[in-house]
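Engineer: I'd like to ask some things about the structure below.
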Amino acid sequence: MSKPAPPKATGQKNLFSFFSKKSKDESAARIKAKKDQIEKDVAAVTPNTRLAIYWPADKEFYPCVVKERFSDGRFSLLYDDGDKEMVDLRDEVWKRIDERKDRDDDGDNHEKEDTESGADEKHASKRRRILESDESFAMDDDADDDDDDDSFKIDNVEDDDDDVDEPPPPRAKPVAKPTVTVVSSKKRLSPTPRVSPTPRKSSRPTPPKPIPFAAGAITPPASPTAPDTPIPNEVNPPGTHLHNHLKFFTTHRVDAHNRPSSHPSHSPFTLSVDTTELEARCRQFGNNLTPAQKQWWEIKASHADCVLLFKTGKFYEMFHDDADVAAKELGMAYMKGVVAHAGFPEAAYDKFLGMLVERGYRVARVEQTESPEGLKERKKETRGKKPQVVAREVCGVVSRGTRTYCYLEDASCFENDNKMTTGPLIVIKEILLEENDSNTMDVDEEDSGTHAVCEYGVTIVDAVTAAVSLGQFADDVLRSRMQTLLASFAPLEVILEGGENGASKTLQSLIKSACPTALVGRINPKERFPQSTAIDPEVRRTLNRTNQDVQPWNPDEAIQEVHRKGYYPRSSRKNEPLNGDGIARWPDVLRACIEGEASLALSSFGAALFYLQRSLIDADILSMGIVKAYIPPSTGCSASARTITGTNAELSETPDQLQEIYNREAGRIRGVDLMDTYDSSSTAEEASIDCMVLDGTTLNNLEILHNMSSGSHQGSLLSKIDFTRSPHGCRLLRAWLLRPLFRKAEIDRRADAVAELSTGSLAMAMSDARSLLKKTGDIERLLSRVHSMGGGGRGEGSAHHPDERAIYYDNEKHNKRKVGDFSKLVHGLKAAAGIPELFENMTIQSPLLMKIVRTTDDGGCFPSGLNEKLDWFFENFDLKKAAKGQFEPAPGMSEDYDHACETIENIQRELEAFKHEMCNFLGHGARSSWKYINTKEDAKEKYVIELPSSVPVPNEFEVKGKRGKGQNQVNKYRTPVVERLVEELERAIDIKNEGKSMGMKLVFAKFDSQRDVWMAANHATAMLGKNYMLNLFNLLSQANITISIPS
């Protein structure tokens, strides 16, 4: 078989090989013509052009798209398999994909007599010849990875006729490894590492992709050789910027405790910045280290795991390795300069934040908390060294598991019929149980596989609804209960204990297999807490931990921090709480963990607290007070199978108080008991079981939540019975589906309620109720948002949160989102309030249904007087004005605001009285010409008196200015009386303006103070419409089924 014809290409000079050498007697005119044609074809290539690049070693064209063209003639290419490359098309064999057929037919391609010798080598190394000015560089990657000798060949290029004497071997499509970009005489590694898909013609094994760290940005790898020097005032390619030359940032990277990345206790949260090297490198590249750059490095040192969005004016700027992330993930272009730099406007924050978070990065939002004018004032007040840059603070850190969808983000994904649900953040504390440390009791042979080998403490945080669950349980050798937990919650982010004695490899492997898309991070037993950069020392004291070096997994330290921050009400105002004391008003579950010494659950809670505090959402979530108990479903193991000495848990048990609270929560809605007395005919065994056991294996095999083929929601049992109208309904239905009823009496009770709803007048009422339920929206999520917007989550220190000092330029957009969320909530609750009226005059037989659709006055769950409570907000909150930032608190909403308004009116009356008194004293001329100027509240030099110069005035009238001349001259006066009144007036105006700006916050806070009422309505509507009742009603209605209960 004859060899295939060499591919035709539109390219520069040949990729030299032994069979494609040009003869030296080729005419100069022909060479020049070819060069001119090549230059013409290359000039026609623009960004987004589709090309195919020929790789001789693979004997194949690989399709790609042109992403960017640089001034020196090079192009940035993105291959279809995700690989990136920087090439000079004049040195490559290439063709346009959309013109391939025409070019082949017409013979317009610049055909190269290509060789086959190098292509026959299956594992040929990648080599390229790049011509720049008077030198050409060839890079050899054929050396072993462990070989330190990565040398570069430099060949002198003489003239166009002789530049073909030494052709380099053909290149092969690289195997999967961090992308290599060659743009000059040295090897450059892409600043942001990734693993490329394995190409078709490569047999080299692909290195395993590491589990991404939940804390975000990946540390850039260091090249074994020095990167190229960046060029000032030019757009430098990736891998050449200032940060690529910093050893403390690349090859010698250590954390705040000087532990290298290879150390088992290395913390990715922190970075040790070598200021000496940084300043030296800046001088080397002609770039002075400015105060703002120093500020950036100070913040980066304590948030090394994050992509920093650094606010400068109206833009979020991204520098150094963060700019590399912007170029890679967001498609942004580098700006000119030796420092890698990219950015976007404030208005695009939610768009780019979502892109980064979904790709697994943690994003720290750094806002300006001081205006330039404020900086000038601070300089005047500062003795000694003056501040040189406006204050900036980290106002929030967002990751997959800590994303709350606040007013800065677009939360439309939760609206309408889009039943979006988000996975939680799960923090796991693990201890392994040694055989000789436990007392093994006699067990039957069939129970021998149920011995506990480990024990877990878990904290589950749903950032969207501000719900926290605590649990502690033992597990078997198969980790059955942990597998069930992971399958049930499908977490977006998992935090494990780091360090030498951290999470076991078994647990890590289980998480990787059970939650392949979850971000897995580690918190060490000892971590450095980031210090606040606020100007006010009192604010810094509030935001900082007591000690900078903290022990996140220490239960005692966690309890002390909860006391200090005041997330929950104090039980005493006189005595300072001691460890374990002063918790009488804390959530029942957390209090039970402390009193029952559930040390593992508290340990995981401490690590979760550390993580939430770093993200600056700790108060928003914990102060909601929603703390639930997580009890793993029984696996059928004998309670006496194994007793663990020195621990609080057996394989089939958890702390008794947690179990008691869980059982109580399961049968009650806001204090209303939904369970009747158990049927006396129930056996003792049945009475001891709450629900059917669906472990992780069962959930997967039966496709309860996800299908087995693709892992998506489609085709699962949940997707077939889910007729809910909101994310909240979907969440609650999912929770019920994971724990099917087991007791016959409870099944009969629920079936009776559904049967009664599906017939007669109740069926008609239920149809009307469905239209109201569709309007309720996601009450649970919106209650959490209003709680945060009202400052309730931040308690007395609400003004200390950095967001309260941040300077935003898109306030109108933010106000609209705040008002929009509040409007949806109050209208949703208004719709829910109409549901009991539909069933008011109907006879209901089912005790369960009666409790769900009746108000609390009639023994039901719906709060009484709900409409009256909502009417106050409809009457006192103008949604249109509030959306424009023009809302003012109604009388009685704020005592300070009301008093300020009253003070302003009184001072204005006193000023008029003073005018009347002085005019009577000065005579008719003053009475007709006296005038106050600058009377508006935002005016400067308020209430200056203007009188003609011809009017005689007392000596106490001080001239402040004049206008006009001669007989038309008017003097401007200020008197001690007016000056005193103006000072009082300005103080009152400041209080009024502060109250006005806090107007919406006051409304939200007042609404949040009645959260128990709104939450009761939320639970009632969930029980009725968003879950079992409405779903079964819909199924029966669609299938025309009548329920028949067997006797």
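Residue names in the structure tokens use chain letters A, B, ... in the order shown, residue numbers from 1 in each chain, and ligand numbers from 1 in the order shown.
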Using only C-alpha atoms, which residues sit within 7 Å of Arg96 of chain A once same-chain residues fewer than 5 positions away are excluded, as a count of residues only?

Structural biologist: 3

Engineer: Check which residues of segment 974-1031 of chain A sit at most 8 Å from segment 955-965 of chain A using only C-alpha atoms, and return one row each with the closest pair of atoms and their distance in Å to one decimal, ordered by chain and rising number, as a Markdown table.

Structural biologist:
```
| residue | atom | partner | partner_atom | distance |
| --- | --- | --- | --- | --- |
| A:Arg974 | CA | A:Glu958 | CA | 5.3 |
| A:Thr975 | CA | A:Phe957 | CA | 5.0 |
| A:Pro976 | CA | A:Glu956 | CA | 7.2 |
```

Engineer: Can you pull out the residues contacting Leu981 of chain A? Cut-off 9 Å, using only C-alpha atoms, and skip same-chain residues under 3 positions away; I want them as number ranges by chain.

Structural biologist: A: 907-908, 910-911, 976-978, 984-986

Engineer: I need the residue nearest Leu849 of chain A from this list: A:Gly995, A:Pro740, A:Pro516, A:Pro836. Use only C-alpha atoms for the distance.

Structural biologist: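 Between A:Gly995, A:Pro740, A:Pro516, A:Pro836, the residue approaching Leu849 of chain A most closely is A:Pro836.
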
Engineer: Name the closest residue to Val427 of chain A among the candidates A:Leu602, A:Leu773, A:Ile989, A:Met708; distances are taken between atoms, counting only C-alpha atoms.

Structural biologist: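 With only C-alpha atoms as the atom set, the closest residue is A:Leu602.
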
Engineer: Fewer than 6 positions away in the same chain doesn't count, so skip those; otherwise give me all residues within 12 Å of segment 478-484 of chain A, counting only C-alpha atoms, as a PyMOL selection string.

Structural biologist: chain A and resi 426+428-430+432+449-458+471-472+490-491+504+506-515+630-637+651-653+693-700+738-739

Engineer: So how far away is atom CA of Thr276 of chain A from atom CA of Val390 of chain A, in Å?

Structural biologist: 23.7 Å

Engineer: Run DSSP on the backbone and grab whatever in segment 867-1019 of chain A lands in strand (DSSP E); send it over as an mmCIF file with C-alpha atoms, in the first residue's frame.

Structural biologist:
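Output file result.cif follows:
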```
data_model
loop_
_atom_site.group_PDB
_atom_site.id
_atom_site.type_symbol
_atom_site.label_atom_id
_atom_site.label_comp_id
_atom_site.auth_asym_id
_atom_site.auth_seq_id
_atom_site.Cartn_x
_atom_site.Cartn_y
_atom_site.Cartn_z
ATOM 1 C CA LYS A 931 -33.865 86.233 54.244
ATOM 2 C CA TYR A 932 -32.461 82.828 55.281
ATOM 3 C CA ILE A 933 -30.374 81.126 52.589
ATOM 4 C CA VAL A 944 -27.105 82.272 56.719
ATOM 5 C CA ILE A 945 -28.918 85.630 57.215
ATOM 6 C CA GLU A 946 -29.020 88.089 54.319
ATOM 7 C CA LEU A 947 -29.799 91.761 54.950
ATOM 8 C CA PRO A 948 -29.106 94.946 52.959
ATOM 9 C CA GLU A 958 -20.939 88.644 62.374
ATOM 10 C CA VAL A 959 -20.416 89.370 58.684
ATOM 11 C CA LYS A 960 -19.656 86.132 56.785
ATOM 12 C CA GLY A 961 -19.709 87.584 53.290
ATOM 13 C CA LYS A 962 -21.286 90.106 50.959
ATOM 14 C CA ARG A 963 -22.608 90.430 47.453
ATOM 15 C CA VAL A 970 -26.227 92.656 50.699
ATOM 16 C CA ASN A 971 -24.363 91.354 53.730
ATOM 17 C CA LYS A 972 -24.389 87.754 54.974
ATOM 18 C CA TYR A 973 -24.550 87.388 58.752
ATOM 19 C CA ARG A 974 -24.336 84.672 61.369
#
```

Engineer: Write out as a PyMOL selection string each polymer residue whose atoms come within 8 Å of Phe248 of chain A, counting only C-alpha atoms; drop sequence neighbours fewer than 5 positions from it.

Structural biologist: chain A and resi 253-254+272-274

Engineer: With all heavy atoms retained, could you export that selection as a PDB file, in the first residue's frame?

Structural biologist:
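The resulting file, out04.pdb, is shown below:
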```pdb
ATOM      1  N   ARG A 253       6.866  27.850  48.155  1.00  0.00           N
ATOM      2  CA  ARG A 253       5.620  28.290  48.772  1.00  0.00           C
ATOM      3  C   ARG A 253       5.430  27.614  50.134  1.00  0.00           C
ATOM      4  O   ARG A 253       5.475  26.392  50.244  1.00  0.00           O
ATOM      5  CB  ARG A 253       4.444  27.965  47.853  1.00  0.00           C
ATOM      6  CG  ARG A 253       3.126  28.631  48.246  1.00  0.00           C
ATOM      7  CD  ARG A 253       2.037  28.200  47.289  1.00  0.00           C
ATOM      8  NE  ARG A 253       0.767  28.858  47.582  1.00  0.00           N
ATOM      9  CZ  ARG A 253       0.259  29.852  46.876  1.00  0.00           C
ATOM     10  NH1 ARG A 253       0.932  30.312  45.836  1.00  0.00           N
ATOM     11  NH2 ARG A 253      -0.898  30.379  47.196  1.00  0.00           N
ATOM     12  N   VAL A 254       5.190  28.417  51.168  1.00  0.00           N
ATOM     13  CA  VAL A 254       4.937  27.898  52.515  1.00  0.00           C
ATOM     14  C   VAL A 254       3.754  28.659  53.104  1.00  0.00           C
ATOM     15  O   VAL A 254       3.410  29.758  52.653  1.00  0.00           O
ATOM     16  CB  VAL A 254       6.167  28.036  53.434  1.00  0.00           C
ATOM     17  CG1 VAL A 254       7.319  27.179  52.929  1.00  0.00           C
ATOM     18  CG2 VAL A 254       6.589  29.503  53.565  1.00  0.00           C
ATOM     19  N   SER A 272       2.953  32.683  53.239  1.00  0.00           N
ATOM     20  CA  SER A 272       4.009  33.521  53.799  1.00  0.00           C
ATOM     21  C   SER A 272       4.621  34.351  52.672  1.00  0.00           C
ATOM     22  O   SER A 272       5.205  33.807  51.725  1.00  0.00           O
ATOM     23  CB  SER A 272       5.087  32.654  54.468  1.00  0.00           C
ATOM     24  OG  SER A 272       6.117  33.459  54.991  1.00  0.00           O
ATOM     25  N   VAL A 273       4.458  35.662  52.743  1.00  0.00           N
ATOM     26  CA  VAL A 273       4.910  36.572  51.693  1.00  0.00           C
ATOM     27  C   VAL A 273       6.303  37.094  52.041  1.00  0.00           C
ATOM     28  O   VAL A 273       6.507  37.661  53.116  1.00  0.00           O
ATOM     29  CB  VAL A 273       3.927  37.744  51.514  1.00  0.00           C
ATOM     30  CG1 VAL A 273       4.452  38.730  50.481  1.00  0.00           C
ATOM     31  CG2 VAL A 273       2.554  37.229  51.114  1.00  0.00           C
ATOM     32  N   ASP A 274       7.241  36.871  51.137  1.00  0.00           N
ATOM     33  CA  ASP A 274       8.602  37.376  51.301  1.00  0.00           C
ATOM     34  C   ASP A 274       8.656  38.788  50.715  1.00  0.00           C
ATOM     35  O   ASP A 274       8.819  38.967  49.499  1.00  0.00           O
ATOM     36  CB  ASP A 274       9.591  36.450  50.602  1.00  0.00           C
ATOM     37  CG  ASP A 274      11.045  36.834  50.881  1.00  0.00           C
ATOM     38  OD1 ASP A 274      11.274  37.966  51.347  1.00  0.00           O
ATOM     39  OD2 ASP A 274      11.935  36.007  50.617  1.00  0.00           O
TER      40      ASP A 274
END
```

Engineer: Of the candidates A:Glu370, A:Glu92, A:Asp858, A:Glu277, which shows the shortest atom-to-atom distance to Tyr808 of chain A, using only C-alpha atoms?

Structural biologist: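 Of the candidates, the smallest distance to Tyr808 of chain A is held by A:Glu370.
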
Engineer: Determine, using only C-alpha atoms, which residues of segment 449-511 of chain A have any atom at most 12 Å from an atom of segment 608-617 of chain A, and tabulate each with its shortest atom pair and distance in Å to one decimal place, rows ordered by chain and then rising number, as a tab-separated table.

Structural biologist:
```
residue	atom	partner	partner_atom	distance
A:Gly457	CA	A:Ala608	CA	11.5
A:Val458	CA	A:Ala608	CA	9.5
A:Thr459	CA	A:Ala608	CA	6.9
A:Ile460	CA	A:Ala608	CA	8.6
A:Val461	CA	A:Ala608	CA	8.1
A:Asp462	CA	A:Leu612	CA	11.5
A:Ala463	CA	A:Ile617	CA	8.6
A:Val464	CA	A:Ile617	CA	11.0
A:Ala466	CA	A:Ile617	CA	9.7
A:Val468	CA	A:Ala608	CA	9.9
A:Ser469	CA	A:Ala608	CA	11.1
A:Leu470	CA	A:Ala608	CA	10.7
A:Glu493	CA	A:Ala608	CA	11.6
A:Val494	CA	A:Ala608	CA	10.4
A:Ile495	CA	A:Ala608	CA	8.2
A:Leu496	CA	A:Ala608	CA	10.2
A:Glu497	CA	A:Ala608	CA	11.0
```

Engineer: Within segment 426-533 of chain A, find each residue whose DSSP state, derived from the backbone, is alpha helix (DSSP H), and express the selection as a list in words.

Structural biologist: Ser480, Arg481, Met482, Gln483, Thr484, Leu485, Leu486, Ala487, Ser488, Phe489, Lys505, Thr506, Leu507, Gln508, Ser509, Leu510, Ile511, Lys512, Ser513 and Ala514 of chain A

Engineer: Hey, which of A:Ser771, A:Phe605, A:Ile583, A:Val93 ends up closest to Ile38 of chain A? Count only C-alpha atoms.

Structural biologist: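 Of all the options, A:Val93 lies closest to Ile38 of chain A.
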
Engineer: When you count only C-alpha atoms, which of these residues is closest to Glu298 of chain A: A:Asn524, A:Thr533, A:Gln284, A:Ser371?

Structural biologist: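 Among the listed residues, the smallest separation from Glu298 of chain A belongs to A:Thr533.
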
Engineer: Show me, as a list in words, the residues that have an atom within 8 Å of Cys406 of chain A when counting only C-alpha atoms, minus same-chain residues fewer than 3 positions from it.

Structural biologist: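 Selected residues are Glu409, Ala411 and Arg785 of chain A.
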
Engineer: Would you write out, as CSV, a table of all residues in segment 783-884 of chain A that have an atom no more than 12 Å from an atom of segment 334-353 of chain A, listing for each the closest atom pair and the distance in Å to one decimal, considering only C-alpha atoms and ordering rows by chain and rising residue number?

Structural biologist:
```
residue,atom,partner,partner_atom,distance
A:Ile807,CA,A:Glu346,CA,11.0
A:Tyr808,CA,A:Glu346,CA,8.1
A:Tyr809,CA,A:Glu346,CA,7.5
A:Asp810,CA,A:Ala347,CA,6.7
A:Asn811,CA,A:Ala347,CA,10.1
A:Glu812,CA,A:Ala347,CA,10.9
A:Lys813,CA,A:Ala347,CA,8.6
A:His814,CA,A:Ala347,CA,9.9
```
